[in-house]
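Enquirer: Pasting my_file14.tsv below, which is TSV, C-alpha atoms.
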```tsv
chain	number	residue	atom	x	y	z
A	24	MET	CA	-31.33	29.61	8.95
A	25	THR	CA	-35.03	30.48	9.35
A	26	ASP	CA	-36.63	33.89	8.79
A	27	GLN	CA	-37.41	34.08	12.49
A	28	SER	CA	-33.73	33.59	13.34
A	29	LEU	CA	-32.78	36.24	10.79
A	30	ARG	CA	-35.25	38.69	12.32
A	31	ARG	CA	-33.91	37.94	15.78
A	32	VAL	CA	-30.34	38.56	14.59
A	33	ASP	CA	-31.44	41.89	13.10
A	34	GLU	CA	-33.15	42.84	16.36
A	35	LEU	CA	-30.11	41.95	18.46
A	36	LEU	CA	-27.74	43.86	16.20
A	37	SER	CA	-30.04	46.88	16.17
A	38	GLU	CA	-30.24	46.86	19.96
A	39	LEU	CA	-26.46	46.55	20.24
A	40	ILE	CA	-25.93	49.49	17.89
A	41	GLU	CA	-28.53	51.62	19.64
A	42	THR	CA	-27.02	50.77	23.04
A	43	VAL	CA	-23.59	51.88	21.85
A	44	GLU	CA	-24.96	55.04	20.21
A	45	THR	CA	-26.97	56.12	23.25
A	46	ALA	CA	-24.27	55.24	25.78
A	47	ARG	CA	-23.21	58.05	28.11
A	48	ALA	CA	-19.92	59.58	26.97
A	49	LEU	CA	-17.04	60.04	29.38
A	50	PRO	CA	-15.96	63.67	29.90
A	51	MET	CA	-12.91	64.72	27.88
A	52	SER	CA	-12.76	61.32	26.16
A	53	ALA	CA	-14.03	59.50	23.10
A	54	SER	CA	-14.96	56.51	25.28
A	55	CYS	CA	-18.39	55.78	26.65
A	56	VAL	CA	-19.98	53.80	29.47
A	57	LEU	CA	-21.83	50.63	28.40
A	58	PRO	CA	-24.02	48.32	30.51
A	59	ARG	CA	-21.75	45.31	30.61
A	60	GLU	CA	-24.34	42.73	31.66
A	61	ARG	CA	-26.82	43.82	29.00
A	62	ILE	CA	-24.14	43.79	26.29
A	63	LEU	CA	-23.00	40.30	27.35
A	64	ASP	CA	-26.59	39.06	27.39
A	65	LEU	CA	-27.14	40.39	23.88
A	66	LEU	CA	-23.92	38.77	22.64
A	67	ASP	CA	-24.83	35.42	24.25
A	68	GLU	CA	-28.27	35.50	22.69
A	69	LEU	CA	-26.74	36.44	19.32
A	70	ARG	CA	-24.42	33.44	19.58
A	71	GLU	CA	-27.39	31.15	20.30
A	72	VAL	CA	-29.31	32.23	17.18
A	73	LEU	CA	-26.31	31.86	14.88
A	74	PRO	CA	-26.61	28.79	12.59
A	75	PRO	CA	-25.49	25.51	14.24
A	76	GLU	CA	-23.98	24.42	10.90
A	77	MET	CA	-20.71	26.07	11.93
A	78	ASP	CA	-20.19	23.47	14.69
A	79	GLU	CA	-21.32	20.68	12.35
A	80	ALA	CA	-18.70	21.68	9.77
A	81	ARG	CA	-15.98	21.55	12.42
A	82	THR	CA	-17.23	18.11	13.49
A	83	VAL	CA	-17.07	16.79	9.90
A	84	ILE	CA	-13.47	18.00	9.55
A	85	ALA	CA	-12.54	16.36	12.84
A	86	ARG	CA	-13.98	13.02	11.63
A	87	ARG	CA	-11.45	12.96	8.79
A	88	ASP	CA	-8.54	12.23	11.14
A	89	LYS	CA	-10.50	9.46	12.88
A	90	VAL	CA	-11.30	7.74	9.55
A	91	LEU	CA	-7.65	7.84	8.47
A	92	GLN	CA	-6.48	6.43	11.83
A	93	GLU	CA	-8.99	3.57	11.68
A	94	ALA	CA	-7.92	2.68	8.11
A	95	TYR	CA	-4.23	2.66	9.06
A	96	GLU	CA	-4.91	0.47	12.11
A	97	ALA	CA	-6.98	-2.03	10.07
A	98	ALA	CA	-4.24	-2.29	7.43
A	99	ALA	CA	-1.56	-2.84	10.07
A	100	ALA	CA	-3.65	-5.56	11.77
A	101	THR	CA	-4.17	-7.36	8.44
A	102	ARG	CA	-0.46	-7.30	7.68
A	103	GLU	CA	0.37	-8.61	11.14
A	104	ARG	CA	-2.12	-11.49	10.78
A	105	SER	CA	-0.63	-12.40	7.39
A	106	VAL	CA	2.88	-12.52	8.81
A	107	VAL	CA	1.75	-14.69	11.73
A	108	GLU	CA	-0.02	-17.13	9.35
A	109	ALA	CA	3.06	-17.37	7.13
A	110	ASP	CA	5.31	-18.04	10.14
A	111	THR	CA	2.90	-20.75	11.33
A	112	VAL	CA	2.95	-22.46	7.91
A	113	LEU	CA	6.76	-22.42	7.84
A	114	ALA	CA	6.96	-23.83	11.39
A	115	ASP	CA	4.50	-26.64	10.57
A	116	ALA	CA	6.40	-27.56	7.41
A	117	ALA	CA	9.72	-27.67	9.26
A	118	HIS	CA	8.19	-29.80	12.03
A	119	ARG	CA	6.73	-32.29	9.54
A	120	ALA	CA	10.04	-32.55	7.69
A	121	GLU	CA	11.89	-33.23	10.94
A	122	GLN	CA	9.38	-35.93	11.87
A	123	MET	CA	9.74	-37.61	8.46
A	124	LEU	CA	13.53	-37.44	8.67
A	125	ALA	CA	13.48	-39.01	12.15
A	126	GLU	CA	11.13	-41.74	10.88
A	127	ALA	CA	13.44	-42.40	7.94
A	128	ASP	CA	16.44	-42.66	10.26
A	129	ARG	CA	14.54	-45.09	12.46
A	130	GLU	CA	13.47	-47.23	9.53
A	131	ALA	CA	17.00	-47.21	8.14
A	132	GLY	CA	18.36	-48.26	11.52
A	133	GLU	CA	15.83	-51.08	11.73
A	134	MET	CA	16.72	-52.24	8.24
A	135	ILE	CA	20.42	-52.20	9.05
A	136	GLN	CA	19.82	-54.14	12.27
A	137	ALA	CA	17.68	-56.63	10.40
A	138	GLY	CA	20.39	-57.02	7.82
A	139	ARG	CA	23.00	-57.60	10.48
A	140	ALA	CA	20.74	-60.19	12.17
A	141	GLU	CA	20.42	-62.07	8.90
A	142	GLN	CA	24.16	-61.87	8.29
A	143	GLY	CA	24.84	-65.12	10.10
A	144	ARG	CA	22.20	-66.98	8.11
A	145	LEU	CA	22.91	-65.58	4.69
A	146	VAL	CA	25.94	-66.22	2.64
A	147	ALA	CA	25.83	-62.82	1.02
A	148	ALA	CA	25.69	-60.81	4.29
A	149	THR	CA	27.59	-57.97	2.67
A	150	THR	CA	25.01	-57.73	-0.12
A	151	VAL	CA	22.18	-57.51	2.39
A	152	HIS	CA	23.96	-54.77	4.31
A	153	GLN	CA	24.59	-52.80	1.14
A	154	ALA	CA	20.96	-53.17	0.08
A	155	ALA	CA	19.79	-51.89	3.46
A	156	ALA	CA	22.21	-48.98	3.27
A	157	GLN	CA	21.07	-48.14	-0.27
A	158	ALA	CA	17.41	-48.31	0.78
A	159	ALA	CA	18.10	-46.06	3.77
A	160	SER	CA	20.02	-43.62	1.56
A	161	ALA	CA	17.20	-43.56	-0.99
A	162	LEU	CA	14.64	-43.01	1.77
A	163	ARG	CA	16.71	-40.17	3.23
A	164	SER	CA	17.00	-38.59	-0.23
A	165	ASP	CA	13.21	-38.78	-0.64
A	166	VAL	CA	12.69	-37.16	2.75
A	167	GLU	CA	15.17	-34.37	2.02
A	168	ARG	CA	13.56	-33.74	-1.38
A	169	TYR	CA	10.12	-33.59	0.25
A	170	GLN	CA	11.44	-31.23	2.91
A	171	ALA	CA	12.90	-28.95	0.23
A	172	GLN	CA	9.60	-28.99	-1.67
A	173	VAL	CA	7.55	-28.18	1.44
A	174	THR	CA	9.94	-25.37	2.39
A	175	ALA	CA	9.75	-23.88	-1.12
A	176	GLU	CA	5.94	-24.03	-1.10
A	177	ALA	CA	5.80	-22.46	2.35
A	178	GLN	CA	8.10	-19.64	1.28
A	179	GLU	CA	6.00	-19.06	-1.84
A	180	TYR	CA	2.84	-18.96	0.26
A	181	ASP	CA	4.52	-16.54	2.66
A	182	ALA	CA	5.50	-14.25	-0.23
A	183	HIS	CA	1.95	-14.43	-1.58
A	184	LEU	CA	0.46	-13.53	1.82
A	185	ARG	CA	2.84	-10.62	2.27
A	186	ALA	CA	2.06	-9.30	-1.23
A	187	GLU	CA	-1.69	-9.56	-0.54
A	188	ALA	CA	-1.23	-7.75	2.78
A	189	ASP	CA	0.79	-4.96	1.16
A	190	ARG	CA	-1.81	-4.58	-1.60
A	191	TYR	CA	-4.60	-4.44	0.98
A	192	VAL	CA	-2.71	-1.82	3.00
A	193	HIS	CA	-2.18	0.28	-0.14
A	194	ASP	CA	-5.84	-0.02	-1.22
A	195	ALA	CA	-7.09	0.78	2.29
A	196	ARG	CA	-4.83	3.83	2.55
A	197	THR	CA	-5.91	5.03	-0.91
A	198	ASP	CA	-9.62	4.59	-0.08
A	199	ALA	CA	-9.21	6.29	3.30
A	200	GLU	CA	-7.34	9.24	1.81
A	201	GLY	CA	-9.93	9.61	-0.94
A	202	TYR	CA	-12.76	9.50	1.57
A	203	ALA	CA	-10.96	11.98	3.83
A	204	THR	CA	-10.39	14.29	0.86
A	205	LYS	CA	-14.08	14.12	-0.05
A	206	LEU	CA	-15.10	14.78	3.57
A	207	THR	CA	-12.75	17.75	3.72
A	208	ALA	CA	-14.05	19.20	0.45
A	209	ASP	CA	-17.68	18.70	1.53
A	210	ALA	CA	-16.99	20.28	4.92
A	211	GLU	CA	-15.20	23.23	3.35
A	212	ASP	CA	-18.01	23.75	0.81
A	213	TYR	CA	-20.58	23.52	3.57
A	214	ALA	CA	-18.66	25.93	5.79
A	215	GLU	CA	-18.17	28.33	2.88
A	216	ARG	CA	-21.90	28.30	2.06
A	217	THR	CA	-22.75	28.84	5.72
A	218	LEU	CA	-20.27	31.70	6.03
A	219	ASP	CA	-21.61	33.29	2.84
A	220	GLU	CA	-25.13	33.08	4.25
A	221	LEU	CA	-24.00	34.51	7.59
A	222	ALA	CA	-22.11	37.31	5.80
A	223	ALA	CA	-25.27	38.14	3.85
A	224	VAL	CA	-27.30	38.17	7.07
A	225	LEU	CA	-24.79	40.42	8.79
A	226	HIS	CA	-24.70	42.68	5.74
A	227	ARG	CA	-28.49	43.00	5.81
A	228	SER	CA	-28.34	43.54	9.55
A	229	ALA	CA	-25.75	46.28	9.12
A	230	LEU	CA	-27.92	47.94	6.47
A	231	THR	CA	-30.93	47.71	8.79
A	232	ALA	CA	-28.90	49.17	11.66
A	233	GLU	CA	-27.60	51.97	9.44
A	234	GLN	CA	-31.12	52.79	8.28
A	235	GLY	CA	-32.29	52.83	11.90
A	236	ARG	CA	-29.45	55.10	12.90
A	237	THR	CA	-30.22	57.47	9.99
A	238	ALA	CA	-33.91	57.54	10.94
A	239	LEU	CA	-32.98	58.20	14.57
A	240	ALA	CA	-30.69	61.08	13.56
A	241	GLN	CA	-33.40	62.56	11.35
A	242	ARG	CA	-35.94	62.35	14.17
A	243	ARG	CA	-33.57	64.09	16.55
A	244	ALA	CA	-32.78	66.76	14.00
A	245	SER	CA	-36.49	67.38	13.48
A	246	ALA	CA	-37.08	67.66	17.22
A	247	TRP	CA	-34.17	70.06	17.56
A	248	ALA	CA	-35.39	72.20	14.68
A	249	ALA	CA	-38.91	72.28	16.07
A	250	ASP	CA	-38.25	73.86	19.46
A	251	GLY	CA	-34.49	74.51	19.46
A	252	THR	CA	-33.90	72.23	22.48
A	253	PRO	CA	-33.23	68.49	22.40
A	254	GLU	CA	-35.58	66.07	24.13
A	255	GLU	CA	-34.45	64.52	27.39
A	256	GLY	CA	-31.84	61.84	26.67
A	257	GLN	CA	-31.30	63.14	23.08
A	258	ARG	CA	-28.06	64.39	21.61
A	259	PRO	CA	-27.97	67.40	19.31
A	260	PRO	CA	-27.74	66.42	15.63
A	261	ILE	CA	-24.23	66.04	14.29
A	262	SER	CA	-23.54	68.43	11.48
A	263	ALA	CA	-22.10	66.92	8.33
```
Could you render the structure from this file as structure tokens?
Expert:
Amino acid sequence: MTDQSLRRVDELLSELIETVETARALPMSASCVLPRERILDLLDELREVLPPEMDEARTVIARRDKVLQEAYEAAAATRERSVVEADTVLADAAHRAEQMLAEADREAGEMIQAGRAEQGRLVAATTVHQAAAQAASALRSDVERYQAQVTAEAQEYDAHLRAEADRYVHDARTDAEGYATKLTADAEDYAERTLDELAAVLHRSALTAEQGRTALAQRRASAWAADGTPEEGQRPPISA
């Protein structure tokens, strides 16, 4: 707050005090009549010269909630993407396993048909059929083992993705809360310094106003003592 602003605050406060002191009193009452428009103009002008840091402090505090909300939304989006990726990996693995199993069944069927076709030409038709059945069984076992391996790897990858997402959410929330705490502390310190400065200004203004009122009372008392009659618009001095 500049010296010019401080002087203007002092002037406005002094004028407000003098306006109240010189206001016309209502008969049989402790109230007085004040010029409403002038008082409102003085108050509006006083508000304009007050430091703008008060509004800035409120703006900084309001930003804290926005930062927290953005951090929470980013963490939730990351977790959702991780879950979708894991589900996609599982679906692809299941689809590949089904295709391999179907291919194994087809190859086994072809081998069995080939064995049956050769049955008439071979003496050991039963041996050929058994060999085809054993080969088909071994191929099916390989496919099922591969499917189990792919499923286990997909589940492990899914667990890893979910753990990474949870850790990212926790880190993001911790960082956001720490940043919000720092913003809040900075805003409160800033507001406290501004309020202390404003309180000091008002205190000096009150002292200035009190000195002006004392000087005005002394001048009136001197005028009264000089000729025994108050000047026009003056009030008689108030005895202690």
Enquirer: Quick check, in Å to one decimal: how far apart do atom CA of A:Ala154 and atom CA of A:Arg129 lie?
Expert: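 Distance between the two atoms: 16.1 Å.
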Enquirer: What does the structure give for the distance between atom CA of A:Leu184 and atom CA of A:Val112, in Å to one decimal?
Expert: 11.1 Å
Enquirer: Could you tell me which of A:Glu141, A:Glu233, A:Glu167, A:Glu96 comes closest to A:Ala120 if we count all atoms listed in the file?
Expert: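 Looking at the shortest contact to A:Ala120, the residue is A:Glu167.
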Enquirer: One decimal, Å: what's the distance from atom CA of A:Asp194 over to atom CA of A:Ala175, could you say?
Expert: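 Atom-to-atom, atom CA of A:Asp194 and atom CA of A:Ala175 are spaced 28.5 Å apart.
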Enquirer: Check the smallest atom-to-atom distance from each of A:Ile40, A:Ser164, A:Thr207, A:Ala199 to A:Leu66 using all atoms listed in the file, then report the winner.
Expert: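 Residue with the minimum atom-to-atom distance to A:Leu66: A:Ile40.
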Enquirer: Of the residues A:Tyr95, A:Leu57, A:Met123, A:Thr42, which is the one nearest to A:Arg168, using only C-alpha atoms?
Expert: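 Once distances to A:Arg168 are computed over only C-alpha atoms, the minimum belongs to A:Met123.
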Enquirer: Report as a PyMOL selection string all protein, DNA and RNA residues lying within 9 Å of stretch 30-36 of chain A, evaluated on only C-alpha atoms, omitting residues in the same chain fewer than 5 positions from it.
Expert: chain A and resi 25+41+65-66+68-69+72-73+224-225+227-229+231-232
Enquirer: Which of these residues is nearest to A:Gly201, using only C-alpha atoms: A:Arg87, A:His118, A:His152, A:Arg163?
Expert: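 Result for the nearest residue to A:Gly201: A:Arg87.
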Enquirer: At a cut-off of 9 Å, using only C-alpha atoms, what residues contact A:Asp198? Leave out same-chain residues fewer than 5 positions from it and give the result as a PDB file with C-alpha atoms, keeping the file's coordinate frame.
Expert:
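So selection_5.pdb came out as:
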```
ATOM      1  CA  ALA A  94      -7.920   2.680   8.110  1.00  0.00           C
ATOM      2  CA  HIS A 193      -2.180   0.280  -0.140  1.00  0.00           C
ATOM      3  CA  ALA A 203     -10.960  11.980   3.830  1.00  0.00           C
TER       4      ALA A 203
END
```
Enquirer: Box time for stretch 102-115 of chain A: axis-aligned, enclosing all its listed atoms, 5 Å extra on each side; report centre and edge lengths in Å to one decimal, as lines of an AutoDock Vina configuration file.
Expert:
```
center_x = 2.4
center_y = -17.0
center_z = 9.4
size_x = 19.1
size_y = 29.3
size_z = 14.6
```
Enquirer: Find the residue from A:Glu93, A:Glu126, A:Glu71, A:Asp115 that sits nearest to A:Ser28; use all atoms listed in the file when measuring.
Expert: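 Smallest separation from A:Ser28 among the options: A:Glu71.
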Enquirer: Since the input is missing atoms, can you rebuild N, CA and C atoms for stretch 220-248 of chain A and write them as a PDB file, keeping the file's coordinate frame?
Expert:
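Output contents, as saved in rebuild.pdb:
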```pdb
ATOM      1  N   GLU A 220     -23.791  32.747   3.780  1.00  0.00           N
ATOM      2  CA  GLU A 220     -25.130  33.080   4.250  1.00  0.00           C
ATOM      3  C   GLU A 220     -25.070  33.997   5.460  1.00  0.00           C
ATOM      4  N   LEU A 221     -24.140  33.675   6.392  1.00  0.00           N
ATOM      5  CA  LEU A 221     -24.000  34.510   7.590  1.00  0.00           C
ATOM      6  C   LEU A 221     -23.529  35.903   7.220  1.00  0.00           C
ATOM      7  N   ALA A 222     -22.586  35.992   6.234  1.00  0.00           N
ATOM      8  CA  ALA A 222     -22.110  37.310   5.800  1.00  0.00           C
ATOM      9  C   ALA A 222     -23.259  38.122   5.198  1.00  0.00           C
ATOM     10  N   ALA A 223     -24.120  37.437   4.433  1.00  0.00           N
ATOM     11  CA  ALA A 223     -25.270  38.140   3.850  1.00  0.00           C
ATOM     12  C   ALA A 223     -26.218  38.630   4.943  1.00  0.00           C
ATOM     13  N   VAL A 224     -26.422  37.776   5.958  1.00  0.00           N
ATOM     14  CA  VAL A 224     -27.300  38.170   7.070  1.00  0.00           C
ATOM     15  C   VAL A 224     -26.721  39.370   7.806  1.00  0.00           C
ATOM     16  N   LEU A 225     -25.424  39.304   8.086  1.00  0.00           N
ATOM     17  CA  LEU A 225     -24.790  40.420   8.790  1.00  0.00           C
ATOM     18  C   LEU A 225     -24.820  41.694   7.948  1.00  0.00           C
ATOM     19  N   HIS A 226     -24.649  41.509   6.613  1.00  0.00           N
ATOM     20  CA  HIS A 226     -24.700  42.680   5.740  1.00  0.00           C
ATOM     21  C   HIS A 226     -26.091  43.322   5.791  1.00  0.00           C
ATOM     22  N   ARG A 227     -27.132  42.458   5.732  1.00  0.00           N
ATOM     23  CA  ARG A 227     -28.490  43.000   5.810  1.00  0.00           C
ATOM     24  C   ARG A 227     -28.742  43.634   7.169  1.00  0.00           C
ATOM     25  N   SER A 228     -28.170  42.990   8.206  1.00  0.00           N
ATOM     26  CA  SER A 228     -28.340  43.540   9.550  1.00  0.00           C
ATOM     27  C   SER A 228     -27.661  44.896   9.672  1.00  0.00           C
ATOM     28  N   ALA A 229     -26.460  45.004   9.079  1.00  0.00           N
ATOM     29  CA  ALA A 229     -25.750  46.280   9.120  1.00  0.00           C
ATOM     30  C   ALA A 229     -26.528  47.358   8.365  1.00  0.00           C
ATOM     31  N   LEU A 230     -27.120  46.978   7.215  1.00  0.00           N
ATOM     32  CA  LEU A 230     -27.920  47.940   6.470  1.00  0.00           C
ATOM     33  C   LEU A 230     -29.137  48.382   7.290  1.00  0.00           C
ATOM     34  N   THR A 231     -29.761  47.379   7.945  1.00  0.00           N
ATOM     35  CA  THR A 231     -30.930  47.710   8.790  1.00  0.00           C
ATOM     36  C   THR A 231     -30.526  48.646   9.920  1.00  0.00           C
ATOM     37  N   ALA A 232     -29.374  48.327  10.561  1.00  0.00           N
ATOM     38  CA  ALA A 232     -28.900  49.170  11.660  1.00  0.00           C
ATOM     39  C   ALA A 232     -28.576  50.576  11.163  1.00  0.00           C
ATOM     40  N   GLU A 233     -27.965  50.653   9.981  1.00  0.00           N
ATOM     41  CA  GLU A 233     -27.600  51.970   9.440  1.00  0.00           C
ATOM     42  C   GLU A 233     -28.863  52.773   9.117  1.00  0.00           C
ATOM     43  N   GLN A 234     -29.877  52.077   8.561  1.00  0.00           N
ATOM     44  CA  GLN A 234     -31.120  52.790   8.280  1.00  0.00           C
ATOM     45  C   GLN A 234     -31.788  53.278   9.569  1.00  0.00           C
ATOM     46  N   GLY A 235     -31.732  52.417  10.621  1.00  0.00           N
ATOM     47  CA  GLY A 235     -32.290  52.830  11.900  1.00  0.00           C
ATOM     48  C   GLY A 235     -31.553  54.019  12.489  1.00  0.00           C
ATOM     49  N   ARG A 236     -30.226  53.977  12.370  1.00  0.00           N
ATOM     50  CA  ARG A 236     -29.450  55.100  12.900  1.00  0.00           C
ATOM     51  C   ARG A 236     -29.761  56.383  12.114  1.00  0.00           C
ATOM     52  N   THR A 237     -29.902  56.274  10.787  1.00  0.00           N
ATOM     53  CA  THR A 237     -30.220  57.470   9.990  1.00  0.00           C
ATOM     54  C   THR A 237     -31.585  58.018  10.374  1.00  0.00           C
ATOM     55  N   ALA A 238     -32.566  57.091  10.550  1.00  0.00           N
ATOM     56  CA  ALA A 238     -33.910  57.540  10.940  1.00  0.00           C
ATOM     57  C   ALA A 238     -33.881  58.203  12.310  1.00  0.00           C
ATOM     58  N   LEU A 239     -33.085  57.628  13.230  1.00  0.00           N
ATOM     59  CA  LEU A 239     -32.980  58.200  14.570  1.00  0.00           C
ATOM     60  C   LEU A 239     -32.360  59.591  14.514  1.00  0.00           C
ATOM     61  N   ALA A 240     -31.331  59.768  13.688  1.00  0.00           N
ATOM     62  CA  ALA A 240     -30.690  61.080  13.560  1.00  0.00           C
ATOM     63  C   ALA A 240     -31.651  62.100  12.952  1.00  0.00           C
ATOM     64  N   GLN A 241     -32.432  61.629  11.955  1.00  0.00           N
ATOM     65  CA  GLN A 241     -33.400  62.560  11.350  1.00  0.00           C
ATOM     66  C   GLN A 241     -34.468  62.984  12.349  1.00  0.00           C
ATOM     67  N   ARG A 242     -34.918  62.015  13.168  1.00  0.00           N
ATOM     68  CA  ARG A 242     -35.940  62.350  14.170  1.00  0.00           C
ATOM     69  C   ARG A 242     -35.403  63.353  15.172  1.00  0.00           C
ATOM     70  N   ARG A 243     -34.168  63.148  15.585  1.00  0.00           N
ATOM     71  CA  ARG A 243     -33.570  64.090  16.550  1.00  0.00           C
ATOM     72  C   ARG A 243     -33.381  65.476  15.931  1.00  0.00           C
ATOM     73  N   ALA A 244     -32.966  65.476  14.667  1.00  0.00           N
ATOM     74  CA  ALA A 244     -32.780  66.760  14.000  1.00  0.00           C
ATOM     75  C   ALA A 244     -34.112  67.503  13.877  1.00  0.00           C
ATOM     76  N   SER A 245     -35.177  66.731  13.597  1.00  0.00           N
ATOM     77  CA  SER A 245     -36.490  67.380  13.480  1.00  0.00           C
ATOM     78  C   SER A 245     -36.934  67.955  14.815  1.00  0.00           C
ATOM     79  N   ALA A 246     -36.694  67.178  15.883  1.00  0.00           N
ATOM     80  CA  ALA A 246     -37.080  67.660  17.220  1.00  0.00           C
ATOM     81  C   ALA A 246     -36.279  68.898  17.595  1.00  0.00           C
ATOM     82  N   TRP A 247     -35.028  68.901  17.249  1.00  0.00           N
ATOM     83  CA  TRP A 247     -34.170  70.060  17.560  1.00  0.00           C
ATOM     84  C   TRP A 247     -34.621  71.288  16.778  1.00  0.00           C
ATOM     85  N   ALA A 248     -34.965  71.078  15.510  1.00  0.00           N
ATOM     86  CA  ALA A 248     -35.390  72.200  14.680  1.00  0.00           C
ATOM     87  C   ALA A 248     -36.746  72.736  15.120  1.00  0.00           C
TER      88      ALA A 248
END
```
